[in-house]
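Raw contents of model12.tsv, TSV, C-alpha atoms:
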```tsv
chain	number	residue	atom	x	y	z
C	1	MET	CA	3.24	-15.41	3.58
C	2	ALA	CA	7.01	-15.77	4.00
C	3	ASP	CA	8.48	-18.86	5.70
C	4	ARG	CA	9.24	-16.91	8.82
C	5	ARG	CA	6.44	-14.60	9.84
C	6	VAL	CA	7.24	-11.02	10.69
C	7	VAL	CA	5.18	-10.08	13.74
C	8	LEU	CA	4.83	-6.56	15.13
C	9	VAL	CA	3.56	-6.22	18.70
C	10	THR	CA	2.82	-2.80	20.15
C	11	GLY	CA	3.11	-2.10	23.85
C	12	ALA	CA	5.76	-4.80	23.92
C	13	ARG	CA	7.89	-3.55	26.80
C	14	GLU	CA	5.88	-5.23	29.53
C	15	GLY	CA	2.73	-7.11	30.43
C	16	ILE	CA	0.69	-8.84	27.74
C	17	GLY	CA	2.68	-7.29	24.89
C	18	ARG	CA	5.97	-8.55	26.26
C	19	ALA	CA	4.49	-12.01	26.76
C	20	LEU	CA	3.14	-12.01	23.20
C	21	ALA	CA	6.54	-10.98	21.84
C	22	GLU	CA	8.19	-13.84	23.74
C	23	HIS	CA	5.45	-16.24	22.63
C	24	TYR	CA	6.01	-15.51	18.93
C	25	LEU	CA	9.78	-15.57	19.31
C	26	ALA	CA	9.41	-19.04	20.79
C	27	ALA	CA	7.29	-19.97	17.76
C	28	GLY	CA	10.21	-19.02	15.50
C	29	ASP	CA	8.82	-15.74	14.18
C	30	ALA	CA	10.77	-12.56	13.60
C	31	VAL	CA	9.31	-10.20	16.18
C	32	VAL	CA	9.40	-6.43	16.27
C	33	GLY	CA	8.35	-4.98	19.59
C	34	MET	CA	7.22	-1.38	19.78
C	35	SER	CA	6.89	0.84	22.81
C	36	ARG	CA	7.68	4.37	23.84
C	37	GLN	CA	10.66	3.24	25.88
C	38	GLY	CA	13.36	0.68	25.19
C	39	SER	CA	13.12	-2.96	26.19
C	40	ASP	CA	15.52	-5.28	27.99
C	41	LEU	CA	14.32	-8.20	25.88
C	42	VAL	CA	17.29	-9.50	23.96
C	43	ALA	CA	16.77	-12.57	21.82
C	44	PRO	CA	17.68	-13.82	18.36
C	45	GLY	CA	14.97	-12.68	15.99
C	46	TYR	CA	13.85	-9.82	18.22
C	47	ARG	CA	14.07	-6.16	17.32
C	48	HIS	CA	12.75	-3.36	19.49
C	49	VAL	CA	11.69	-0.02	18.04
C	50	CYS	CA	10.92	2.98	20.20
C	51	ALA	CA	7.85	4.81	18.95
C	52	ASP	CA	4.78	6.40	20.44
C	53	VAL	CA	1.71	4.90	18.74
C	54	THR	CA	0.02	8.30	18.81
C	55	ARG	CA	2.75	10.04	16.82
C	56	GLU	CA	2.32	9.63	13.10
C	57	ALA	CA	5.91	10.43	12.14
C	58	GLU	CA	7.34	7.97	14.67
C	59	VAL	CA	4.98	5.20	13.59
C	60	LYS	CA	5.68	5.79	9.91
C	61	GLU	CA	9.41	5.71	10.52
C	62	ALA	CA	9.14	2.53	12.60
C	63	LEU	CA	7.14	0.79	9.88
C	64	ALA	CA	9.55	2.00	7.20
C	65	GLN	CA	12.30	0.39	9.26
C	66	VAL	CA	10.34	-2.88	9.41
C	67	ARG	CA	9.97	-2.77	5.63
C	68	ARG	CA	13.69	-2.09	5.11
C	69	ASP	CA	14.83	-4.74	7.59
C	70	PHE	CA	12.29	-7.49	6.99
C	71	GLY	CA	10.81	-6.71	3.59
C	72	GLY	CA	7.23	-6.68	4.83
C	73	LEU	CA	4.89	-7.47	7.67
C	74	ASP	CA	2.67	-10.50	8.22
C	75	VAL	CA	1.14	-9.92	11.62
C	76	LEU	CA	0.26	-6.82	13.63
C	77	VAL	CA	-0.87	-7.18	17.23
C	78	ASN	CA	-2.22	-3.85	18.46
C	79	ASN	CA	-1.81	-4.45	22.15
C	80	ALA	CA	-0.73	-0.96	23.25
C	81	GLY	CA	-3.40	0.61	25.39
C	82	ILE	CA	-3.98	2.59	28.52
C	83	ALA	CA	-6.77	2.74	31.05
C	84	ALA	CA	-7.87	5.01	33.86
C	85	MET	CA	-10.57	4.16	36.34
C	86	ASN	CA	-12.59	7.14	37.44
C	87	HIS	CA	-16.15	8.23	37.89
C	88	ALA	CA	-17.24	10.15	34.79
C	89	LEU	CA	-17.83	13.27	36.87
C	90	LEU	CA	-14.23	13.16	38.04
C	91	THR	CA	-12.53	12.37	34.74
C	92	PRO	CA	-10.27	15.15	33.50
C	93	MET	CA	-10.22	15.98	29.80
C	94	ASP	CA	-6.53	15.23	29.47
C	95	THR	CA	-7.25	11.67	30.64
C	96	VAL	CA	-10.02	11.43	28.03
C	97	GLU	CA	-7.69	12.66	25.32
C	98	ARG	CA	-4.82	10.38	26.35
C	99	ILE	CA	-6.99	7.28	26.37
C	100	LEU	CA	-8.69	8.02	23.05
C	101	SER	CA	-5.43	9.00	21.47
C	102	THR	CA	-3.55	5.83	22.47
C	103	ASN	CA	-6.33	3.29	22.22
C	104	VAL	CA	-8.22	4.59	19.19
C	105	ALA	CA	-5.93	6.82	17.14
C	106	GLY	CA	-2.91	4.64	17.93
C	107	THR	CA	-4.69	1.47	16.88
C	108	PHE	CA	-5.92	3.13	13.70
C	109	LEU	CA	-2.51	4.51	12.81
C	110	LEU	CA	-0.83	1.14	13.24
C	111	CYS	CA	-3.58	-0.58	11.23
C	112	ARG	CA	-3.18	1.95	8.44
C	113	GLU	CA	0.58	1.80	8.22
C	114	GLY	CA	0.74	-1.95	8.90
C	115	ALA	CA	-1.79	-2.68	6.17
C	116	LYS	CA	0.26	-0.65	3.70
C	117	LEU	CA	3.06	-3.15	4.21
C	118	MET	CA	0.80	-6.18	4.22
C	119	GLN	CA	-1.13	-5.37	1.05
C	120	ARG	CA	2.00	-5.75	-1.06
C	121	ARG	CA	2.07	-9.47	-0.32
C	122	ARG	CA	-1.71	-9.83	-0.34
C	123	PHE	CA	-1.56	-11.32	3.13
C	124	GLY	CA	-1.87	-10.01	6.64
C	125	ARG	CA	-3.31	-10.62	10.05
C	126	ILE	CA	-4.25	-7.75	12.33
C	127	VAL	CA	-5.35	-8.42	15.89
C	128	ASN	CA	-6.72	-5.54	17.94
C	129	PHE	CA	-7.49	-5.42	21.62
C	130	GLY	CA	-11.02	-4.89	22.86
C	131	SER	CA	-12.05	-5.36	26.47
C	132	VAL	CA	-14.82	-6.97	28.47
C	133	ALA	CA	-15.26	-3.51	30.00
C	134	LEU	CA	-17.45	-2.77	26.97
C	135	PRO	CA	-19.98	-5.65	27.11
C	136	LEU	CA	-20.00	-5.53	30.93
C	137	LYS	CA	-20.71	-1.77	30.86
C	138	LEU	CA	-18.26	-1.20	33.68
C	139	GLU	CA	-18.89	1.80	35.88
C	140	GLY	CA	-15.79	3.94	36.21
C	141	GLU	CA	-14.54	2.87	32.80
C	142	ALA	CA	-16.72	5.06	30.58
C	143	ILE	CA	-13.90	6.46	28.49
C	144	TYR	CA	-11.88	3.26	28.44
C	145	ALA	CA	-14.94	1.26	27.34
C	146	ALA	CA	-15.82	3.95	24.79
C	147	SER	CA	-12.30	3.71	23.38
C	148	LYS	CA	-12.68	-0.06	23.11
C	149	ALA	CA	-16.08	0.37	21.42
C	150	ALA	CA	-14.23	2.45	18.85
C	151	VAL	CA	-11.62	-0.30	18.48
C	152	VAL	CA	-14.42	-2.78	17.80
C	153	ALA	CA	-15.87	-0.45	15.14
C	154	LEU	CA	-12.43	-0.04	13.57
C	155	THR	CA	-11.95	-3.80	13.58
C	156	GLN	CA	-15.24	-4.48	11.89
C	157	ILE	CA	-14.95	-1.79	9.24
C	158	LEU	CA	-11.26	-2.32	8.48
C	159	ALA	CA	-12.06	-6.03	8.13
C	160	ARG	CA	-14.25	-5.07	5.17
C	161	GLU	CA	-11.90	-2.48	3.71
C	162	LEU	CA	-8.85	-4.73	3.91
C	163	ALA	CA	-10.42	-8.06	2.96
C	164	GLU	CA	-9.62	-7.41	-0.66
C	165	TYR	CA	-5.92	-7.37	0.21
C	166	GLY	CA	-6.00	-10.73	1.98
C	167	ILE	CA	-5.78	-9.03	5.36
C	168	THR	CA	-7.98	-10.16	8.23
C	169	VAL	CA	-8.76	-7.86	11.16
C	170	ASN	CA	-10.06	-9.32	14.40
C	171	ALA	CA	-10.02	-8.49	18.07
C	172	VAL	CA	-9.59	-10.27	21.36
C	173	ALA	CA	-11.38	-8.83	24.38
C	174	PRO	CA	-9.59	-9.94	27.52
C	175	THR	CA	-10.93	-10.08	31.04
C	176	PRO	CA	-8.71	-8.65	33.78
C	177	VAL	CA	-5.21	-10.09	33.66
C	178	ARG	CA	-2.71	-9.38	36.42
C	179	THR	CA	-0.74	-6.60	34.71
C	180	ARG	CA	0.10	-2.97	35.41
C	181	LEU	CA	-3.05	-1.90	33.50
C	182	ILE	CA	-5.23	-2.90	36.45
C	183	ALA	CA	-2.70	-2.30	39.23
C	184	ASN	CA	-4.56	0.77	40.48
C	185	VAL	CA	-8.04	-0.72	40.39
C	186	PRO	CA	-9.29	-1.64	43.88
C	187	PRO	CA	-9.24	-5.45	44.38
C	188	GLU	CA	-12.91	-5.58	45.37
C	189	LYS	CA	-13.88	-3.96	42.06
C	190	ILE	CA	-11.88	-6.54	40.15
C	191	GLU	CA	-13.51	-9.32	42.16
C	192	ARG	CA	-16.98	-7.99	41.39
C	193	LEU	CA	-16.10	-7.76	37.72
C	194	ILE	CA	-14.72	-11.30	37.60
C	195	ALA	CA	-17.86	-12.58	39.33
C	196	ARG	CA	-19.87	-11.38	36.31
C	197	GLN	CA	-17.92	-13.60	33.92
C	198	ALA	CA	-19.35	-17.00	32.97
C	199	ILE	CA	-16.01	-18.45	34.06
C	200	PRO	CA	-15.08	-16.40	37.12
C	201	ARG	CA	-11.31	-16.31	37.23
C	202	PHE	CA	-8.49	-13.96	36.28
C	203	GLY	CA	-7.41	-14.15	32.67
C	204	GLU	CA	-4.00	-15.59	31.97
C	205	ILE	CA	-1.59	-14.69	29.19
C	206	ARG	CA	-2.20	-18.11	27.64
C	207	ASP	CA	-5.91	-17.28	27.28
C	208	ILE	CA	-4.95	-14.33	25.11
C	209	THR	CA	-2.21	-16.02	23.10
C	210	ASN	CA	-4.64	-18.86	22.39
C	211	VAL	CA	-7.13	-16.49	20.73
C	212	VAL	CA	-4.43	-14.55	18.89
C	213	ASP	CA	-2.91	-17.83	17.66
C	214	PHE	CA	-6.33	-18.83	16.37
C	215	PHE	CA	-6.69	-15.58	14.39
C	216	LEU	CA	-3.19	-16.04	12.94
C	217	ARG	CA	-3.66	-19.60	11.73
C	218	PRO	CA	-3.57	-19.91	7.92
C	219	GLU	CA	-6.90	-21.74	8.20
C	220	SER	CA	-8.46	-18.62	9.77
C	221	ASP	CA	-8.44	-16.77	6.45
C	222	PHE	CA	-12.28	-16.78	6.40
C	223	ILE	CA	-12.52	-15.18	9.84
C	224	THR	CA	-12.47	-11.41	9.96
C	225	GLY	CA	-14.21	-8.57	11.78
C	226	GLN	CA	-14.76	-10.79	14.81
C	227	VAL	CA	-14.34	-9.99	18.48
C	228	ILE	CA	-13.74	-12.88	20.85
C	229	CYS	CA	-14.45	-12.10	24.48
C	230	LEU	CA	-12.73	-14.21	27.10
C	231	GLY	CA	-14.26	-15.65	30.23
C	232	GLY	CA	-17.65	-16.27	28.66
C	233	VAL	CA	-18.54	-12.57	28.60
C	234	SER	CA	-20.95	-11.63	25.83
G	235	MET	CA	18.78	18.09	1.21
G	236	THR	CA	17.74	19.29	-2.25
G	237	PRO	CA	14.28	18.22	-3.35
G	238	PRO	CA	14.18	16.05	-6.47
G	239	THR	CA	13.56	17.75	-9.81
G	240	GLU	CA	10.30	17.23	-11.63
G	241	GLN	CA	12.02	14.71	-13.90
G	242	GLU	CA	13.42	12.82	-10.92
G	243	THR	CA	10.05	12.84	-9.22
G	244	PHE	CA	8.39	11.50	-12.35
G	245	ARG	CA	10.92	8.66	-12.30
G	246	LEU	CA	9.74	7.84	-8.75
G	247	VAL	CA	6.11	7.81	-9.88
G	248	CYS	CA	7.12	5.53	-12.78
G	249	LEU	CA	8.79	3.11	-10.35
G	250	ALA	CA	5.50	2.93	-8.46
G	251	ILE	CA	3.61	2.43	-11.74
G	252	ASP	CA	6.00	-0.41	-12.61
G	253	GLU	CA	5.21	-2.05	-9.30
G	254	LEU	CA	1.48	-1.69	-9.84
G	255	ASN	CA	1.68	-2.86	-13.46
G	256	GLY	CA	3.37	-6.02	-12.24
G	257	GLU	CA	0.07	-6.95	-10.61
G	258	LEU	CA	-2.26	-5.91	-13.41
G	259	PRO	CA	-3.35	-7.85	-16.49
G	260	PRO	CA	-1.71	-6.46	-19.67
G	261	GLU	CA	-4.85	-4.63	-20.84
G	262	ARG	CA	-5.11	-2.67	-17.56
G	263	ARG	CA	-1.47	-1.64	-17.23
G	264	LEU	CA	-0.67	2.07	-17.04
G	265	GLU	CA	1.41	3.84	-19.59
G	266	LYS	CA	4.32	5.76	-18.10
G	267	SER	CA	3.46	9.17	-19.45
G	268	PRO	CA	2.56	12.39	-17.60
G	269	GLU	CA	-0.71	12.45	-19.55
G	270	THR	CA	-1.82	9.03	-18.38
G	271	PRO	CA	-5.20	9.46	-16.67
G	272	LEU	CA	-5.18	7.78	-13.27
G	273	PHE	CA	-8.38	8.37	-11.33
G	274	GLY	CA	-11.62	10.18	-12.01
G	275	ARG	CA	-12.80	11.03	-15.50
G	276	ASP	CA	-11.15	8.68	-18.03
G	277	GLY	CA	-9.08	7.33	-15.15
G	278	ARG	CA	-7.55	3.89	-15.60
G	279	LEU	CA	-7.63	2.98	-11.93
G	280	ASP	CA	-10.47	1.90	-9.68
G	281	SER	CA	-10.35	3.06	-6.08
G	282	LEU	CA	-8.39	0.01	-4.95
G	283	GLY	CA	-5.89	0.53	-7.74
G	284	LEU	CA	-5.48	4.14	-6.67
G	285	VAL	CA	-4.83	3.06	-3.08
G	286	ARG	CA	-2.20	0.60	-4.33
G	287	LEU	CA	-0.52	3.29	-6.43
G	288	ILE	CA	-0.50	5.88	-3.63
G	289	VAL	CA	1.01	3.40	-1.18
G	290	ALA	CA	3.59	2.34	-3.77
G	291	VAL	CA	4.56	5.98	-4.41
G	292	GLU	CA	4.89	6.64	-0.66
G	293	GLN	CA	7.16	3.62	-0.31
G	294	VAL	CA	9.28	4.49	-3.36
G	295	VAL	CA	9.74	8.03	-2.00
G	296	GLU	CA	10.82	6.58	1.36
G	297	ASP	CA	13.29	4.26	-0.35
G	298	GLU	CA	14.73	6.68	-2.87
G	299	VAL	CA	14.58	10.05	-1.11
G	300	SER	CA	14.49	8.89	2.54
G	301	VAL	CA	11.50	11.12	3.17
G	302	SER	CA	8.22	9.93	4.60
G	303	VAL	CA	5.18	11.53	2.96
G	304	THR	CA	1.47	10.95	3.36
G	305	LEU	CA	-0.15	11.57	0.01
G	306	ALA	CA	-3.80	10.94	0.73
G	307	ASP	CA	-4.57	13.62	3.27
G	308	GLU	CA	-7.27	16.24	3.49
G	309	LYS	CA	-5.20	18.62	1.45
G	310	ALA	CA	-5.16	16.20	-1.48
G	311	LEU	CA	-8.78	15.22	-1.13
G	312	SER	CA	-10.00	18.81	-0.89
G	313	GLN	CA	-8.15	20.12	-3.92
G	314	ARG	CA	-10.55	21.18	-6.62
G	315	SER	CA	-8.31	19.74	-9.23
G	316	SER	CA	-7.41	16.27	-7.96
G	317	PRO	CA	-3.69	15.51	-7.78
G	318	PHE	CA	-4.58	11.96	-8.70
G	319	ARG	CA	-6.13	12.78	-12.09
G	320	THR	CA	-3.00	12.11	-14.17
G	321	ALA	CA	0.53	10.81	-13.65
G	322	GLY	CA	1.81	14.33	-14.31
G	323	ALA	CA	-0.49	15.89	-11.69
G	324	LEU	CA	0.56	13.21	-9.23
G	325	THR	CA	4.22	13.97	-9.95
G	326	ALA	CA	3.75	17.67	-9.23
G	327	TYR	CA	1.88	16.87	-6.04
G	328	VAL	CA	4.49	14.37	-4.82
G	329	ARG	CA	7.24	16.89	-5.45
G	330	GLU	CA	5.32	19.53	-3.51
G	331	ARG	CA	4.88	17.14	-0.55
G	332	ILE	CA	8.57	16.19	-0.56
G	333	GLU	CA	9.53	19.87	-0.58
G	334	GLU	CA	7.19	20.51	2.34
G	335	ARG	CA	8.71	17.69	4.35
G	336	LEU	CA	12.24	18.81	3.59
G	337	ARG	CA	11.33	22.31	4.79
G	338	GLY	CA	10.17	20.67	7.99
G	339	GLY	CA	6.43	20.63	7.25
```
As structure tokens, the full file:
Amino acid sequence: MADRRVVLVTGAREGIGRALAEHYLAAGDAVVGMSRQGSDLVAPGYRHVCADVTREAEVKEALAQVRRDFGGLDVLVNNAGIAAMNHALLTPMDTVERILSTNVAGTFLLCREGAKLMQRRRFGRIVNFGSVALPLKLEGEAIYAASKAAVVALTQILARELAEYGITVNAVAPTPVRTRLIANVPPEKIERLIARQAIPRFGEIRDITNVVDFFLRPESDFITGQVICLGGVS
Amino acid sequence: MTPPTEQETFRLVCLAIDELNGELPPERRLEKSPETPLFGRDGRLDSLGLVRLIVAVEQVVEDEVSVSVTLADEKALSQRSSPFRTAGALTAYVRERIEERLRGG
């Protein structure tokens, strides 16, 4: 690993991704934020690339730029994701396709292209995003939870495929955090969900950065294919 | 943009081989010849070595020709005669993919 880590965060324009980008900038890392639209985050060590995680050509070009500008990649945080809360009988197919495309195909594409950069240095840390919607079997989140089940499968299998290159692949599964992702979910549903957690409170950004930091530690090189759920959900 | 000639494309493949050889013990290094068997029967590479070489070629092509190609796709994997069997076959395949991309494919 280089002295200064190169960290790529997807979905970095707002919410958890933005907070993660700021967190790793504060830690002294070189941070590349990716999102479909531009960002107003301006800071030494920060670079924003506009790319849609579902578009192969855009992702490949963005990663080629990271390679040209930084010479490699140490950390990939696959935070980009979308959700839609709807009864299964009322879920349109375009919603299904959008969610699967962003959450599953997007995560895979970034893992694939990110790992190509990481394997050169025989080091890498990939952190994907699961969700407690999966273990809690949340009604109204069938497709979202299914997409996160796929992310868990990707995490576990890529962990095996990439271990040989010194790359670990893990996932954090957050509880609801006050971001735009849950803005349209009725408050009483969120309250019911939180009540099912062992520790019934909203998740905070620091809960997520704490787990991601743990996966990124040099000492965590024997930890791969793991999913850590927050809030005591299992 | 004009696609690279076969000779130029072979030079790109050789750059990738150089990169891979840098990581291999002397007895496993690849000779830079079109006849060098890569993968499959008599192939010198295991599957991980092939992955390393393909990624290295993709990156060299990006650097030298400013074109982004994906070499391991269904087209490559479904060809009866694998484009990864020898360095020469790989060269022809890389050139074909670059041409496709330059035509807007």
Handout entry: Distance-based interface of chain G with chain C, 8 Å, counting all atoms listed in the file, as JSON, numbers by chain
Key = {"G": [289, 296, 302]}
Please produce a file of the residues just selected, as a compact mmCIF listing (two decimals), keeping the file's coordinate frame, where the atoms kept are C-alpha atoms.
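In the end it all went to selection.txt:
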```txt
# COMPACT_ATOMS: atom_id res chain seq x y z
CA VAL G 289 1.01 3.40 -1.18
CA GLU G 296 10.82 6.58 1.36
CA SER G 302 8.22 9.93 4.60
```
As an mmCIF file with C-alpha atoms, in the coordinates of the input, please: the residues near range 49-54 of chain C (cut-off 8 Å, only C-alpha atoms, same-chain neighbours under 3 positions excluded).
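Output file result25.cif follows:
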```cif
data_model
loop_
_atom_site.group_PDB
_atom_site.id
_atom_site.type_symbol
_atom_site.label_atom_id
_atom_site.label_comp_id
_atom_site.auth_asym_id
_atom_site.auth_seq_id
_atom_site.Cartn_x
_atom_site.Cartn_y
_atom_site.Cartn_z
ATOM 1 C CA THR C 10 2.820 -2.800 20.150
ATOM 2 C CA VAL C 32 9.400 -6.430 16.270
ATOM 3 C CA GLY C 33 8.350 -4.980 19.590
ATOM 4 C CA MET C 34 7.220 -1.380 19.780
ATOM 5 C CA SER C 35 6.890 0.840 22.810
ATOM 6 C CA ARG C 36 7.680 4.370 23.840
ATOM 7 C CA GLN C 37 10.660 3.240 25.880
ATOM 8 C CA GLY C 38 13.360 0.680 25.190
ATOM 9 C CA GLU C 58 7.340 7.970 14.670
ATOM 10 C CA VAL C 59 4.980 5.200 13.590
ATOM 11 C CA ALA C 62 9.140 2.530 12.600
ATOM 12 C CA ALA C 80 -0.730 -0.960 23.250
ATOM 13 C CA SER C 101 -5.430 9.000 21.470
ATOM 14 C CA THR C 102 -3.550 5.830 22.470
ATOM 15 C CA ALA C 105 -5.930 6.820 17.140
ATOM 16 C CA GLY C 106 -2.910 4.640 17.930
ATOM 17 C CA THR C 107 -4.690 1.470 16.880
ATOM 18 C CA LEU C 109 -2.510 4.510 12.810
ATOM 19 C CA LEU C 110 -0.830 1.140 13.240
#
```
Problem - Contacts of range 303-311 of chain G at 10 Å (only C-alpha atoms; same-chain gap of 3+ positions) as a count of residues only - result: 24
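In terms of minimum interatomic distance to Val177 in chain C, C:Ile16 ranks closest within C:Leu154, C:Val227, C:Ile16, C:Val77, counting all atoms listed in the file.
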For range 320-322 of chain G, find every residue with an atom within 6 Å (counting only C-alpha atoms), except residues of its own chain fewer than 4 positions away, and show them as an mmCIF file with C-alpha atoms, in the coordinates of the input.
```cif
data_model
loop_
_atom_site.group_PDB
_atom_site.id
_atom_site.type_symbol
_atom_site.label_atom_id
_atom_site.label_comp_id
_atom_site.auth_asym_id
_atom_site.auth_seq_id
_atom_site.Cartn_x
_atom_site.Cartn_y
_atom_site.Cartn_z
ATOM 1 C CA PRO G 268 2.560 12.390 -17.600
ATOM 2 C CA GLU G 269 -0.710 12.450 -19.550
ATOM 3 C CA THR G 270 -1.820 9.030 -18.380
ATOM 4 C CA PRO G 271 -5.200 9.460 -16.670
ATOM 5 C CA LEU G 272 -5.180 7.780 -13.270
#
```
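Of note, CA of Ser267 in chain G and CA of Glu333 in chain G are spaced 22.5 Å apart.
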Using all atoms listed in the file, which residues sit within 12 Å of Glu97 in chain C once same-chain residues fewer than 6 positions away are excluded, as a PDB file with C-alpha atoms, in the frame of the given file?
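New file out_30.pdb:
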```pdb
ATOM      1  CA  THR C  54       0.020   8.300  18.810  1.00  0.00           C
ATOM      2  CA  ILE C  82      -3.980   2.590  28.520  1.00  0.00           C
ATOM      3  CA  ALA C  83      -6.770   2.740  31.050  1.00  0.00           C
ATOM      4  CA  ALA C  84      -7.870   5.010  33.860  1.00  0.00           C
ATOM      5  CA  THR C  91     -12.530  12.370  34.740  1.00  0.00           C
ATOM      6  CA  ASN C 103      -6.330   3.290  22.220  1.00  0.00           C
ATOM      7  CA  VAL C 104      -8.220   4.590  19.190  1.00  0.00           C
ATOM      8  CA  ALA C 105      -5.930   6.820  17.140  1.00  0.00           C
ATOM      9  CA  GLY C 106      -2.910   4.640  17.930  1.00  0.00           C
ATOM     10  CA  ILE C 143     -13.900   6.460  28.490  1.00  0.00           C
ATOM     11  CA  TYR C 144     -11.880   3.260  28.440  1.00  0.00           C
ATOM     12  CA  ALA C 146     -15.820   3.950  24.790  1.00  0.00           C
ATOM     13  CA  SER C 147     -12.300   3.710  23.380  1.00  0.00           C
TER      14      SER C 147
END
```
Problem - Contacts of Gln241 in chain G within 10 Å, all atoms listed in the file, excl. fewer than 6 positions in-chain, as a ChimeraX atom specification - result: /G:247,325-326,329
Exercise for the section: Could you please give me, as a ChimeraX atom specification, the residues of protein, DNA or RNA lying at most 12 Å from (-10.6, -15.0, 15.4) in the coordinate frame of the file, considering all atoms listed in the file? Expected result: /C:125-129,155,159,168-173,208-230
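With CA of Arg121 in chain C on one side and CA of Val301 in chain G on the other, the separation reads 22.9 Å.
Our summary of the geometry notes that CA of Glu188 in chain C is positioned 17.1 Å from CA of Val132 in chain C.
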First collect every listed atom of range 274-277 of chain G; then fit an axis-aligned box around them, widen it by 8 Å on each side, and give centre and edge lengths in Å to one decimal, as JSON.
```
{"center_x": -10.9, "center_y": 9.2, "center_z": -15.0, "size_x": 19.7, "size_y": 19.7, "size_z": 22.0}
```
Practice task
Please return, as a PyMOL selection string, all polymer residues that have at least one atom within 7 Å of the point (8.6, -5.1, 26.3); use only C-alpha atoms and the file's own coordinate frame.
Solution key: chain C and resi 11-14+17-18+33+39+41
Pull C-alpha atoms from the residues just selected and write them as a PDB file, in the frame of the given file.
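Everything below was put into result_20.pdb:
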```pdb
ATOM      1  CA  GLY C  11       3.110  -2.100  23.850  1.00  0.00           C
ATOM      2  CA  ALA C  12       5.760  -4.800  23.920  1.00  0.00           C
ATOM      3  CA  ARG C  13       7.890  -3.550  26.800  1.00  0.00           C
ATOM      4  CA  GLU C  14       5.880  -5.230  29.530  1.00  0.00           C
ATOM      5  CA  GLY C  17       2.680  -7.290  24.890  1.00  0.00           C
ATOM      6  CA  ARG C  18       5.970  -8.550  26.260  1.00  0.00           C
ATOM      7  CA  GLY C  33       8.350  -4.980  19.590  1.00  0.00           C
ATOM      8  CA  SER C  39      13.120  -2.960  26.190  1.00  0.00           C
ATOM      9  CA  LEU C  41      14.320  -8.200  25.880  1.00  0.00           C
TER      10      LEU C  41
END
```
